[in-house]
$ cat my_file.pdb   # PDB, C-alpha atoms, pLDDT in the B column
ATOM      1  CA  MET A 104     -11.651 -23.295 -20.398  1.00 37.00           C
ATOM      2  CA  ARG A 105      -9.653 -20.577 -18.655  1.00 46.00           C
ATOM      3  CA  ASN A 106     -11.655 -17.692 -17.267  1.00 51.00           C
ATOM      4  CA  VAL A 107      -8.894 -15.154 -17.827  1.00 59.00           C
ATOM      5  CA  THR A 108      -9.109 -11.377 -17.740  1.00 59.00           C
ATOM      6  CA  SER A 109      -7.378  -9.141 -20.252  1.00 69.00           C
ATOM      7  CA  ASP A 110      -6.883  -6.176 -17.913  1.00 91.00           C
ATOM      8  CA  LEU A 111      -4.973  -7.857 -15.071  1.00 97.00           C
ATOM      9  CA  SER A 112      -1.323  -8.866 -15.011  1.00 97.00           C
ATOM     10  CA  VAL A 113      -0.116 -11.203 -12.256  1.00 98.00           C
ATOM     11  CA  VAL A 114       3.491 -10.927 -11.120  1.00 98.00           C
ATOM     12  CA  ILE A 115       5.055 -13.522  -8.831  1.00 98.00           C
ATOM     13  CA  GLN A 116       7.891 -12.197  -6.695  1.00 97.00           C
ATOM     14  CA  ALA A 117      10.588 -14.879  -6.445  1.00 94.00           C
ATOM     15  CA  GLY A 118      13.661 -12.893  -5.559  1.00 79.00           C
ATOM     16  CA  GLY A 119      14.116 -13.644  -1.864  1.00 66.00           C
ATOM     17  CA  ARG A 120      17.316 -15.168  -0.518  1.00 63.00           C
ATOM     18  CA  SER A 121      15.630 -17.840   1.652  1.00 55.00           C
ATOM     19  CA  SER A 122      18.140 -17.103   4.416  1.00 54.00           C
ATOM     20  CA  ARG A 123      15.978 -18.565   7.206  1.00 59.00           C
ATOM     21  CA  MET A 124      15.142 -21.665   5.175  1.00 62.00           C
ATOM     22  CA  GLY A 125      18.732 -22.643   4.495  1.00 56.00           C
ATOM     23  CA  GLU A 126      17.928 -23.625   0.907  1.00 72.00           C
ATOM     24  CA  ASN A 127      16.087 -22.175  -2.066  1.00 85.00           C
ATOM     25  CA  LYS A 128      12.468 -22.289  -0.918  1.00 89.00           C
ATOM     26  CA  LYS A 129      10.922 -21.363  -4.247  1.00 92.00           C
ATOM     27  CA  THR A 130      12.095 -24.642  -5.799  1.00 93.00           C
ATOM     28  CA  MET A 131      11.521 -26.879  -2.762  1.00 93.00           C
ATOM     29  CA  LEU A 132       8.983 -29.570  -3.564  1.00 95.00           C
ATOM     30  CA  PHE A 133       5.639 -28.812  -1.967  1.00 95.00           C
ATOM     31  CA  GLN A 134       3.392 -31.844  -2.338  1.00 94.00           C
ATOM     32  CA  GLY A 135       5.541 -32.999  -5.220  1.00 95.00           C
ATOM     33  CA  ILE A 136       5.972 -29.774  -7.199  1.00 96.00           C
ATOM     34  CA  PRO A 137       8.200 -26.713  -6.723  1.00 96.00           C
ATOM     35  CA  LEU A 138       6.607 -24.194  -4.362  1.00 96.00           C
ATOM     36  CA  VAL A 139       6.713 -21.420  -6.968  1.00 96.00           C
ATOM     37  CA  GLN A 140       4.948 -23.707  -9.449  1.00 97.00           C
ATOM     38  CA  ARG A 141       2.167 -24.309  -6.929  1.00 97.00           C
ATOM     39  CA  VAL A 142       1.706 -20.547  -6.618  1.00 97.00           C
ATOM     40  CA  TYR A 143       1.713 -20.217 -10.410  1.00 97.00           C
ATOM     41  CA  GLU A 144      -0.899 -22.934 -10.842  1.00 96.00           C
ATOM     42  CA  ARG A 145      -3.209 -21.370  -8.252  1.00 96.00           C
ATOM     43  CA  ILE A 146      -3.343 -18.019 -10.047  1.00 96.00           C
ATOM     44  CA  ASN A 147      -2.658 -18.718 -13.714  1.00 93.00           C
ATOM     45  CA  LYS A 148      -6.349 -18.953 -14.610  1.00 91.00           C
ATOM     46  CA  ILE A 149      -7.181 -15.366 -13.638  1.00 95.00           C
ATOM     47  CA  SER A 150      -4.960 -13.573 -16.150  1.00 94.00           C
ATOM     48  CA  ASP A 151      -3.610 -13.864 -19.649  1.00 93.00           C
ATOM     49  CA  GLU A 152      -0.281 -12.477 -18.409  1.00 96.00           C
ATOM     50  CA  ILE A 153       1.648 -14.242 -15.653  1.00 96.00           C
ATOM     51  CA  LEU A 154       5.155 -12.914 -15.058  1.00 97.00           C
ATOM     52  CA  VAL A 155       7.898 -13.724 -12.557  1.00 97.00           C
ATOM     53  CA  VAL A 156      10.522 -11.445 -11.029  1.00 97.00           C
ATOM     54  CA  SER A 157      13.660 -13.369 -10.102  1.00 94.00           C
ATOM     55  CA  ASN A 158      17.369 -12.668 -10.181  1.00 90.00           C
ATOM     56  CA  SER A 159      17.994 -16.371 -10.812  1.00 89.00           C
ATOM     57  CA  PRO A 160      15.856 -17.006 -13.908  1.00 90.00           C
ATOM     58  CA  GLU A 161      17.820 -20.130 -14.840  1.00 91.00           C
ATOM     59  CA  GLU A 162      16.358 -21.851 -11.754  1.00 91.00           C
ATOM     60  CA  LEU A 163      12.817 -21.344 -12.993  1.00 94.00           C
ATOM     61  CA  ASP A 164      13.011 -22.578 -16.571  1.00 91.00           C
ATOM     62  CA  PHE A 165      10.266 -25.107 -15.828  1.00 93.00           C
ATOM     63  CA  LEU A 166       7.674 -22.338 -15.497  1.00 93.00           C
ATOM     64  CA  ASN A 167       5.626 -21.536 -18.575  1.00 86.00           C
ATOM     65  CA  CYS A 168       6.022 -17.767 -18.308  1.00 93.00           C
ATOM     66  CA  ARG A 169       8.460 -14.913 -18.789  1.00 95.00           C
ATOM     67  CA  ILE A 170      10.976 -14.195 -16.046  1.00 96.00           C
ATOM     68  CA  PHE A 171      12.618 -10.837 -15.390  1.00 96.00           C
ATOM     69  CA  PRO A 172      15.418  -9.721 -13.045  1.00 95.00           C
ATOM     70  CA  ASP A 173      15.097  -6.647 -10.845  1.00 96.00           C
ATOM     71  CA  ILE A 174      15.416  -3.510 -12.947  1.00 96.00           C
ATOM     72  CA  ILE A 175      16.933  -1.710  -9.953  1.00 95.00           C
ATOM     73  CA  PRO A 176      19.010  -4.339  -8.116  1.00 93.00           C
ATOM     74  CA  ASN A 177      20.109  -4.611  -4.499  1.00 92.00           C
ATOM     75  CA  ILE A 178      17.351  -2.586  -2.823  1.00 95.00           C
ATOM     76  CA  GLY A 179      15.262  -5.472  -1.528  1.00 92.00           C
ATOM     77  CA  PRO A 180      11.587  -6.290  -2.183  1.00 94.00           C
ATOM     78  CA  ILE A 181      10.673  -2.763  -3.257  1.00 97.00           C
ATOM     79  CA  GLY A 182      12.924  -3.329  -6.273  1.00 96.00           C
ATOM     80  CA  GLY A 183      10.798  -6.326  -7.211  1.00 96.00           C
ATOM     81  CA  MET A 184       7.643  -4.265  -6.784  1.00 98.00           C
ATOM     82  CA  TYR A 185       8.981  -1.549  -9.075  1.00 98.00           C
ATOM     83  CA  THR A 186       9.966  -4.191 -11.618  1.00 98.00           C
ATOM     84  CA  ALA A 187       6.447  -5.640 -11.487  1.00 98.00           C
ATOM     85  CA  MET A 188       4.926  -2.287 -12.408  1.00 98.00           C
ATOM     86  CA  GLU A 189       7.466  -1.753 -15.173  1.00 97.00           C
ATOM     87  CA  ILE A 190       7.099  -5.132 -16.903  1.00 97.00           C
ATOM     88  CA  ALA A 191       3.312  -5.554 -16.612  1.00 97.00           C
ATOM     89  CA  SER A 192       1.247  -4.833 -19.709  1.00 96.00           C
ATOM     90  CA  HIS A 193      -2.155  -4.326 -18.114  1.00 97.00           C
ATOM     91  CA  ASN A 194      -3.664  -1.470 -16.104  1.00 95.00           C
ATOM     92  CA  TYR A 195      -4.057  -3.597 -12.983  1.00 98.00           C
ATOM     93  CA  VAL A 196      -1.236  -5.637 -11.485  1.00 98.00           C
ATOM     94  CA  ALA A 197      -1.645  -8.365  -8.891  1.00 98.00           C
ATOM     95  CA  VAL A 198       1.598  -8.966  -7.017  1.00 98.00           C
ATOM     96  CA  VAL A 199       2.057 -12.197  -5.049  1.00 98.00           C
ATOM     97  CA  ALA A 200       4.965 -13.789  -3.225  1.00 97.00           C
ATOM     98  CA  CYS A 201       6.337 -17.141  -4.318  1.00 96.00           C
ATOM     99  CA  ASP A 202       6.122 -18.495  -0.754  1.00 95.00           C
ATOM    100  CA  LEU A 203       2.334 -18.303  -0.352  1.00 97.00           C
ATOM    101  CA  PRO A 204       1.149 -21.884  -0.935  1.00 97.00           C
ATOM    102  CA  PHE A 205      -2.496 -20.889  -0.414  1.00 97.00           C
ATOM    103  CA  VAL A 206      -2.505 -17.706  -2.468  1.00 98.00           C
ATOM    104  CA  ASN A 207      -6.162 -16.859  -3.063  1.00 97.00           C
ATOM    105  CA  LYS A 208      -7.364 -15.883  -6.521  1.00 97.00           C
ATOM    106  CA  GLU A 209     -10.743 -14.732  -5.189  1.00 97.00           C
ATOM    107  CA  ILE A 210      -9.058 -12.092  -3.036  1.00 98.00           C
ATOM    108  CA  LEU A 211      -7.080 -10.865  -6.039  1.00 98.00           C
ATOM    109  CA  LEU A 212     -10.127 -10.692  -8.304  1.00 97.00           C
ATOM    110  CA  GLU A 213     -12.128  -8.857  -5.639  1.00 97.00           C
ATOM    111  CA  ALA A 214      -9.245  -6.419  -5.156  1.00 98.00           C
ATOM    112  CA  LYS A 215      -9.292  -5.605  -8.855  1.00 97.00           C
ATOM    113  CA  LYS A 216     -13.059  -5.016  -8.729  1.00 97.00           C
ATOM    114  CA  ILE A 217     -12.548  -2.631  -5.811  1.00 97.00           C
ATOM    115  CA  LEU A 218     -10.026  -0.605  -7.795  1.00 97.00           C
ATOM    116  CA  MET A 219     -12.280  -0.454 -10.828  1.00 95.00           C
ATOM    117  CA  LYS A 220     -15.286   0.598  -8.770  1.00 95.00           C
ATOM    118  CA  ASN A 221     -13.568   3.219  -6.620  1.00 94.00           C
ATOM    119  CA  GLY A 222     -10.851   4.583  -8.889  1.00 94.00           C
ATOM    120  CA  ALA A 223      -8.267   3.800  -6.209  1.00 97.00           C
ATOM    121  CA  ASP A 224      -4.649   2.851  -6.841  1.00 98.00           C
ATOM    122  CA  VAL A 225      -4.144   0.007  -4.350  1.00 98.00           C
ATOM    123  CA  ALA A 226      -6.467  -2.620  -2.877  1.00 98.00           C
ATOM    124  CA  ILE A 227      -4.544  -4.344  -0.118  1.00 98.00           C
ATOM    125  CA  PRO A 228      -5.503  -6.765   2.660  1.00 97.00           C
ATOM    126  CA  LYS A 229      -4.937  -5.432   6.169  1.00 94.00           C
ATOM    127  CA  THR A 230      -4.464  -8.206   8.702  1.00 89.00           C
ATOM    128  CA  GLY A 231      -3.536  -6.230  11.794  1.00 81.00           C
ATOM    129  CA  PRO A 232      -3.632  -2.696  13.221  1.00 82.00           C
ATOM    130  CA  ASP A 233      -0.540  -1.737  11.251  1.00 83.00           C
ATOM    131  CA  TYR A 234       0.081  -4.769   9.068  1.00 91.00           C
ATOM    132  CA  TYR A 235      -0.576  -4.999   5.348  1.00 95.00           C
ATOM    133  CA  GLU A 236      -0.118  -7.817   2.832  1.00 97.00           C
ATOM    134  CA  PRO A 237       1.606  -6.016  -0.071  1.00 97.00           C
ATOM    135  CA  LEU A 238       2.580  -9.314  -1.680  1.00 97.00           C
ATOM    136  CA  HIS A 239      -1.037 -10.426  -1.987  1.00 98.00           C
ATOM    137  CA  ALA A 240      -2.573  -7.234  -3.359  1.00 98.00           C
ATOM    138  CA  VAL A 241      -3.589  -5.476  -6.581  1.00 98.00           C
ATOM    139  CA  TYR A 242      -2.222  -2.188  -7.893  1.00 98.00           C
ATOM    140  CA  ARG A 243      -3.059   0.362 -10.560  1.00 98.00           C
ATOM    141  CA  ARG A 244       0.080   0.229 -12.655  1.00 97.00           C
ATOM    142  CA  ASN A 245       1.047   3.774 -13.634  1.00 96.00           C
ATOM    143  CA  ALA A 246       0.190   5.592 -10.411  1.00 97.00           C
ATOM    144  CA  CYS A 247       1.950   2.975  -8.319  1.00 98.00           C
ATOM    145  CA  LYS A 248       5.026   2.843 -10.515  1.00 98.00           C
ATOM    146  CA  ASP A 249       5.509   6.597 -10.155  1.00 98.00           C
ATOM    147  CA  ALA A 250       5.040   6.458  -6.378  1.00 98.00           C
ATOM    148  CA  ILE A 251       7.435   3.532  -5.958  1.00 98.00           C
ATOM    149  CA  GLU A 252      10.032   5.219  -8.143  1.00 97.00           C
ATOM    150  CA  GLN A 253       9.838   8.360  -5.989  1.00 97.00           C
ATOM    151  CA  SER A 254      10.287   6.343  -2.798  1.00 97.00           C
ATOM    152  CA  ILE A 255      13.353   4.665  -4.285  1.00 97.00           C
ATOM    153  CA  LYS A 256      14.786   8.053  -5.236  1.00 97.00           C
ATOM    154  CA  ASP A 257      14.161   9.175  -1.653  1.00 97.00           C
ATOM    155  CA  LYS A 258      15.894   6.007  -0.383  1.00 97.00           C
ATOM    156  CA  GLU A 259      12.711   4.848   1.322  1.00 97.00           C
ATOM    157  CA  TYR A 260      13.009   1.120   0.754  1.00 96.00           C
ATOM    158  CA  ARG A 261      10.281  -0.343   2.968  1.00 96.00           C
ATOM    159  CA  LEU A 262       7.833  -2.260   0.819  1.00 96.00           C
ATOM    160  CA  VAL A 263       4.910  -0.105   1.943  1.00 95.00           C
ATOM    161  CA  SER A 264       6.815   3.190   2.280  1.00 96.00           C
ATOM    162  CA  TRP A 265       5.151   4.650  -0.817  1.00 97.00           C
ATOM    163  CA  LEU A 266       1.507   3.881  -0.006  1.00 97.00           C
ATOM    164  CA  SER A 267       0.932   7.360   1.412  1.00 96.00           C
ATOM    165  CA  LYS A 268       1.556   8.751  -2.086  1.00 97.00           C
ATOM    166  CA  VAL A 269      -1.431   6.944  -3.669  1.00 98.00           C
ATOM    167  CA  LYS A 270      -5.106   6.231  -2.962  1.00 98.00           C
ATOM    168  CA  VAL A 271      -5.333   3.035  -0.918  1.00 98.00           C
ATOM    169  CA  ILE A 272      -8.368   0.920  -0.063  1.00 97.00           C
ATOM    170  CA  GLU A 273      -7.868  -1.557   2.746  1.00 97.00           C
ATOM    171  CA  MET A 274      -9.503  -4.976   2.522  1.00 97.00           C
ATOM    172  CA  ASN A 275     -10.587  -5.669   6.097  1.00 94.00           C
ATOM    173  CA  ASP A 276     -10.886  -8.931   8.023  1.00 93.00           C
ATOM    174  CA  LEU A 277     -14.615  -9.255   7.363  1.00 94.00           C
ATOM    175  CA  LEU A 278     -14.187  -9.122   3.603  1.00 96.00           C
ATOM    176  CA  ILE A 279     -11.120 -11.359   3.629  1.00 96.00           C
ATOM    177  CA  SER A 280     -12.939 -13.942   5.753  1.00 95.00           C
ATOM    178  CA  LYS A 281     -15.729 -14.157   3.186  1.00 96.00           C
ATOM    179  CA  LEU A 282     -13.237 -14.796   0.403  1.00 97.00           C
ATOM    180  CA  ASP A 283     -10.875 -17.008   2.411  1.00 96.00           C
ATOM    181  CA  PRO A 284     -12.944 -18.781   5.099  1.00 94.00           C
ATOM    182  CA  GLY A 285     -10.018 -20.972   6.135  1.00 92.00           C
ATOM    183  CA  HIS A 286      -7.761 -17.944   6.702  1.00 93.00           C
ATOM    184  CA  LEU A 287      -4.983 -19.576   4.702  1.00 97.00           C
ATOM    185  CA  ALA A 288      -4.133 -17.034   2.015  1.00 97.00           C
ATOM    186  CA  PHE A 289      -1.403 -15.206   3.912  1.00 97.00           C
ATOM    187  CA  ILE A 290       0.419 -18.216   5.332  1.00 96.00           C
ATOM    188  CA  ASN A 291       3.961 -17.785   4.102  1.00 93.00           C
ATOM    189  CA  ILE A 292       6.945 -20.066   4.321  1.00 93.00           C
ATOM    190  CA  ASN A 293      10.223 -18.894   5.819  1.00 89.00           C
ATOM    191  CA  THR A 294      11.493 -21.914   7.754  1.00 91.00           C
ATOM    192  CA  LYS A 295      11.498 -25.704   7.492  1.00 91.00           C
ATOM    193  CA  ASN A 296       8.856 -25.807  10.220  1.00 93.00           C
ATOM    194  CA  ASP A 297       6.662 -23.399   8.240  1.00 93.00           C
ATOM    195  CA  PHE A 298       7.050 -25.652   5.223  1.00 93.00           C
ATOM    196  CA  GLU A 299       6.097 -28.809   7.129  1.00 94.00           C
ATOM    197  CA  GLN A 300       3.066 -27.160   8.741  1.00 95.00           C
ATOM    198  CA  ALA A 301       1.833 -25.818   5.406  1.00 95.00           C
ATOM    199  CA  GLU A 302       2.142 -29.247   3.797  1.00 95.00           C
ATOM    200  CA  LYS A 303       0.078 -30.743   6.615  1.00 95.00           C
ATOM    201  CA  ILE A 304      -2.613 -28.134   6.030  1.00 95.00           C
ATOM    202  CA  ALA A 305      -2.574 -28.774   2.277  1.00 94.00           C
ATOM    203  CA  SER A 306      -2.839 -32.526   2.818  1.00 92.00           C
ATOM    204  CA  GLY A 307      -5.879 -31.981   5.020  1.00 85.00           C
ATOM    205  CA  LEU A 308      -7.640 -30.054   2.274  1.00 81.00           C
ATOM    206  CA  LYS A 309      -7.644 -32.941  -0.164  1.00 61.00           C
TER     207      LYS A 309
END
$ encode --input "my_file.pdb" --output "structure tokens"
Amino acid sequence: MRNVTSDLSVVIQAGGRSSRMGENKKTMLFQGIPLVQRVYERINKISDEILVVSNSPEELDFLNCRIFPDIIPNIGPIGGMYTAMEIASHNYVAVVACDLPFVNKEILLEAKKILMKNGADVAIPKTGPDYYEPLHAVYRRNACKDAIEQSIKDKEYRLVSWLSKVKVIEMNDLLISKLDPGHLAFININTKNDFEQAEKIASGLK
């Protein structure tokens, strides 16, 4: 039985160009299944709404979910973030990248609890002095959509350029370590070497 929530949408960002990989990483077979499908399967039990943002929807027909192109094209990842807020039905929106083979549902569920408890707009892991994980975080839909839209109008296209416009709660290393003891959640895949190393880690977990 799926332990889904009816107030959280999950949006997988699958719009990258995979330029460093040399081929389409989201459909590369990771332990026998497309990488994006692995991400989908790791988070599909926490929500009754799983959506994908991709400008090549025909490549992802095998996924059992709706796929949307960027509403505002050609502005990079912030366009995918805006699209996520626009297409989601629920008040809270978890946004995850398609190249995170160890995406952690416990972090996402805890982030949603933090937002509900504190009335904040963003619960985001912070993994360094100035480094956030915006593609493994949870957002309050309406407030974040407005802030992202304003940043786009101002031609501020960095993925975190709009965070100063909303109430943010940082998830620190201590909390993340409790939820992800292996420190695997934010391993992302950009190169063939990344891919091979991640598969070795995954094989060791079996």
$ residues_around --input "my_file.pdb" --residues "Val271 in chain A" --least-positions-apart "4" --cutoff "8 Å" --atoms "only C-alpha atoms" --output "number ranges by chain"
A: 223-227, 266-267
$ residues_around --input "my_file.pdb" --residues "Gln253 in chain A" --least-positions-apart "3" --cutoff "12 Å" --atoms "all atoms listed in the file" --output "MDAnalysis selection string"
chainID A and resid 181 185 246:250 256:260 264:269
$ atom_distance --input "my_file.pdb" --atom1 "CA of Asn275 in chain A" --atom2 "CA of Tyr195 in chain A"
20.3 Å
$ residues_around --input "my_file.pdb" --residues "Ser112 in chain A" --least-positions-apart "2" --cutoff "9 Å" --atoms "all atoms listed in the file" --output "VMD selection string"
chain A and resid 108 to 110 114 149 to 154 191 to 198
$ resolve_selection --input "my_file.pdb" --expression "the PyMOL selection byres ((chain A and resi 239) around 8)" --output "list in words"
Ala197, Val198, Val199, Ala200, Val206, Leu211, Ile227, Pro228, Glu236, Pro237, Leu238, Ala240, Val241 and Phe289 of chain A
$ closest_residue --input "my_file.pdb" --among "A:Cys201, A:Leu278, A:Glu213, A:Arg243" --to "Lys229 in chain A" --atoms "only C-alpha atoms"
A:Leu278
$ residues_around --input "my_file.pdb" --residues "Leu138 in chain A" --least-positions-apart "6" --cutoff "12 Å" --atoms "all atoms listed in the file" --output "PDB file with C-alpha atoms, in the coordinates of the input"
ATOM      1  CA  ILE A 115       5.055 -13.522  -8.831  1.00 98.00           C
ATOM      2  CA  ALA A 117      10.588 -14.879  -6.445  1.00 94.00           C
ATOM      3  CA  ASN A 127      16.087 -22.175  -2.066  1.00 85.00           C
ATOM      4  CA  LYS A 128      12.468 -22.289  -0.918  1.00 89.00           C
ATOM      5  CA  LYS A 129      10.922 -21.363  -4.247  1.00 92.00           C
ATOM      6  CA  THR A 130      12.095 -24.642  -5.799  1.00 93.00           C
ATOM      7  CA  MET A 131      11.521 -26.879  -2.762  1.00 93.00           C
ATOM      8  CA  LEU A 132       8.983 -29.570  -3.564  1.00 95.00           C
ATOM      9  CA  GLU A 144      -0.899 -22.934 -10.842  1.00 96.00           C
ATOM     10  CA  ARG A 145      -3.209 -21.370  -8.252  1.00 96.00           C
ATOM     11  CA  LEU A 163      12.817 -21.344 -12.993  1.00 94.00           C
ATOM     12  CA  LEU A 166       7.674 -22.338 -15.497  1.00 93.00           C
ATOM     13  CA  ALA A 200       4.965 -13.789  -3.225  1.00 97.00           C
ATOM     14  CA  CYS A 201       6.337 -17.141  -4.318  1.00 96.00           C
ATOM     15  CA  ASP A 202       6.122 -18.495  -0.754  1.00 95.00           C
ATOM     16  CA  LEU A 203       2.334 -18.303  -0.352  1.00 97.00           C
ATOM     17  CA  PRO A 204       1.149 -21.884  -0.935  1.00 97.00           C
ATOM     18  CA  PHE A 205      -2.496 -20.889  -0.414  1.00 97.00           C
ATOM     19  CA  VAL A 206      -2.505 -17.706  -2.468  1.00 98.00           C
ATOM     20  CA  ASN A 291       3.961 -17.785   4.102  1.00 93.00           C
ATOM     21  CA  ILE A 292       6.945 -20.066   4.321  1.00 93.00           C
ATOM     22  CA  PHE A 298       7.050 -25.652   5.223  1.00 93.00           C
ATOM     23  CA  ALA A 301       1.833 -25.818   5.406  1.00 95.00           C
ATOM     24  CA  GLU A 302       2.142 -29.247   3.797  1.00 95.00           C
TER      25      GLU A 302
END
$ closest_residue --input "my_file.pdb" --among "A:Asn221, A:Asp233, A:Gly285, A:Ser159" --to "Ala305 in chain A" --atoms "only C-alpha atoms"
A:Gly285
$ closest_residue --input "my_file.pdb" --among "A:Val139, A:Ile146, A:Ile251, A:Ala187" --to "Asp164 in chain A" --atoms "all atoms listed in the file"
A:Val139
$ closest_residue --input "my_file.pdb" --among "A:Cys168, A:Lys148, A:Phe133, A:Val263" --to "Lys295 in chain A" --atoms "only C-alpha atoms"
A:Phe133
$ atom_distance --input "my_file.pdb" --atom1 "CA of Lys220 in chain A" --atom2 "CA of Lys208 in chain A"
18.4 Å
$ closest_residue --input "my_file.pdb" --among "A:His286, A:Ile272, A:Gly182, A:Gly231" --to "Ser254 in chain A" --atoms "only C-alpha atoms"
A:Gly182
$ closest_residue --input "my_file.pdb" --among "A:Asn245, A:Met188, A:Gly307, A:Thr230" --to "Ile290 in chain A" --atoms "all atoms listed in the file"
A:Thr230
$ atom_distance --input "my_file.pdb" --atom1 "CA of Met184 in chain A" --atom2 "CA of Leu262 in chain A"
7.9 Å
$ resolve_selection --input "my_file.pdb" --expression "the PyMOL selection byres ((chain A and resi 170) around 6)" --output "PyMOL selection string"
chain A and resi 155-156+169+171
$ decode --input "my_file.pdb" --residues "range 262-285 of chain A" --atoms "N, CA and C atoms" --output "PDB file, in the first residue's frame"
ATOM      1  N   LEU A 262      19.523  29.740 -10.343  1.00  0.00           N
ATOM      2  CA  LEU A 262      18.458  28.908  -9.791  1.00  0.00           C
ATOM      3  C   LEU A 262      18.057  29.331  -8.390  1.00  0.00           C
ATOM      4  N   VAL A 263      18.970  29.947  -7.662  1.00  0.00           N
ATOM      5  CA  VAL A 263      18.660  30.386  -6.295  1.00  0.00           C
ATOM      6  C   VAL A 263      18.561  31.912  -6.197  1.00  0.00           C
ATOM      7  N   SER A 264      18.490  32.601  -7.314  1.00  0.00           N
ATOM      8  CA  SER A 264      18.511  34.070  -7.297  1.00  0.00           C
ATOM      9  C   SER A 264      17.299  34.675  -6.598  1.00  0.00           C
ATOM     10  N   TRP A 265      16.226  33.934  -6.500  1.00  0.00           N
ATOM     11  CA  TRP A 265      14.968  34.454  -5.959  1.00  0.00           C
ATOM     12  C   TRP A 265      14.753  34.121  -4.481  1.00  0.00           C
ATOM     13  N   LEU A 266      15.649  33.364  -3.880  1.00  0.00           N
ATOM     14  CA  LEU A 266      15.421  32.915  -2.502  1.00  0.00           C
ATOM     15  C   LEU A 266      15.323  34.067  -1.513  1.00  0.00           C
ATOM     16  N   SER A 267      15.986  35.177  -1.808  1.00  0.00           N
ATOM     17  CA  SER A 267      15.934  36.318  -0.889  1.00  0.00           C
ATOM     18  C   SER A 267      14.546  36.947  -0.824  1.00  0.00           C
ATOM     19  N   LYS A 268      13.682  36.584  -1.757  1.00  0.00           N
ATOM     20  CA  LYS A 268      12.334  37.164  -1.828  1.00  0.00           C
ATOM     21  C   LYS A 268      11.323  36.386  -0.986  1.00  0.00           C
ATOM     22  N   VAL A 269      11.736  35.236  -0.430  1.00  0.00           N
ATOM     23  CA  VAL A 269      10.799  34.380   0.313  1.00  0.00           C
ATOM     24  C   VAL A 269      11.446  33.969   1.639  1.00  0.00           C
ATOM     25  N   LYS A 270      10.638  33.334   2.499  1.00  0.00           N
ATOM     26  CA  LYS A 270      11.135  32.867   3.793  1.00  0.00           C
ATOM     27  C   LYS A 270      11.745  31.477   3.626  1.00  0.00           C
ATOM     28  N   VAL A 271      13.043  31.389   3.894  1.00  0.00           N
ATOM     29  CA  VAL A 271      13.790  30.150   3.665  1.00  0.00           C
ATOM     30  C   VAL A 271      14.242  29.553   4.994  1.00  0.00           C
ATOM     31  N   ILE A 272      14.086  28.237   5.123  1.00  0.00           N
ATOM     32  CA  ILE A 272      14.670  27.504   6.242  1.00  0.00           C
ATOM     33  C   ILE A 272      15.700  26.538   5.678  1.00  0.00           C
ATOM     34  N   GLU A 273      16.920  26.660   6.181  1.00  0.00           N
ATOM     35  CA  GLU A 273      18.003  25.798   5.728  1.00  0.00           C
ATOM     36  C   GLU A 273      18.006  24.497   6.531  1.00  0.00           C
ATOM     37  N   MET A 274      18.162  23.391   5.825  1.00  0.00           N
ATOM     38  CA  MET A 274      18.325  22.089   6.466  1.00  0.00           C
ATOM     39  C   MET A 274      19.825  21.842   6.594  1.00  0.00           C
ATOM     40  N   ASN A 275      20.332  21.840   7.828  1.00  0.00           N
ATOM     41  CA  ASN A 275      21.781  21.797   8.018  1.00  0.00           C
ATOM     42  C   ASN A 275      22.327  20.370   7.968  1.00  0.00           C
ATOM     43  N   ASP A 276      23.649  20.268   8.052  1.00  0.00           N
ATOM     44  CA  ASP A 276      24.326  18.977   7.922  1.00  0.00           C
ATOM     45  C   ASP A 276      23.875  17.984   8.989  1.00  0.00           C
ATOM     46  N   LEU A 277      23.642  18.467  10.199  1.00  0.00           N
ATOM     47  CA  LEU A 277      23.249  17.570  11.284  1.00  0.00           C
ATOM     48  C   LEU A 277      21.919  16.899  10.979  1.00  0.00           C
ATOM     49  N   LEU A 278      20.957  17.684  10.534  1.00  0.00           N
ATOM     50  CA  LEU A 278      19.650  17.125  10.196  1.00  0.00           C
ATOM     51  C   LEU A 278      19.745  16.197   8.989  1.00  0.00           C
ATOM     52  N   ILE A 279      20.465  16.639   7.961  1.00  0.00           N
ATOM     53  CA  ILE A 279      20.596  15.817   6.761  1.00  0.00           C
ATOM     54  C   ILE A 279      21.268  14.484   7.082  1.00  0.00           C
ATOM     55  N   SER A 280      22.264  14.506   7.953  1.00  0.00           N
ATOM     56  CA  SER A 280      22.972  13.276   8.308  1.00  0.00           C
ATOM     57  C   SER A 280      22.056  12.271   9.000  1.00  0.00           C
ATOM     58  N   LYS A 281      21.114  12.763   9.784  1.00  0.00           N
ATOM     59  CA  LYS A 281      20.159  11.873  10.439  1.00  0.00           C
ATOM     60  C   LYS A 281      19.247  11.194   9.418  1.00  0.00           C
ATOM     61  N   LEU A 282      18.881  11.932   8.393  1.00  0.00           N
ATOM     62  CA  LEU A 282      17.959  11.417   7.387  1.00  0.00           C
ATOM     63  C   LEU A 282      18.661  10.632   6.285  1.00  0.00           C
ATOM     64  N   ASP A 283      19.941  10.920   6.087  1.00  0.00           N
ATOM     65  CA  ASP A 283      20.715  10.306   5.004  1.00  0.00           C
ATOM     66  C   ASP A 283      22.095   9.940   5.554  1.00  0.00           C
ATOM     67  N   PRO A 284      22.159   8.904   6.412  1.00  0.00           N
ATOM     68  CA  PRO A 284      23.420   8.572   7.083  1.00  0.00           C
ATOM     69  C   PRO A 284      24.569   8.272   6.126  1.00  0.00           C
ATOM     70  N   GLY A 285      24.262   7.768   4.953  1.00  0.00           N
ATOM     71  CA  GLY A 285      25.311   7.452   3.984  1.00  0.00           C
ATOM     72  C   GLY A 285      25.789   8.638   3.178  1.00  0.00           C
TER      73      GLY A 285
END
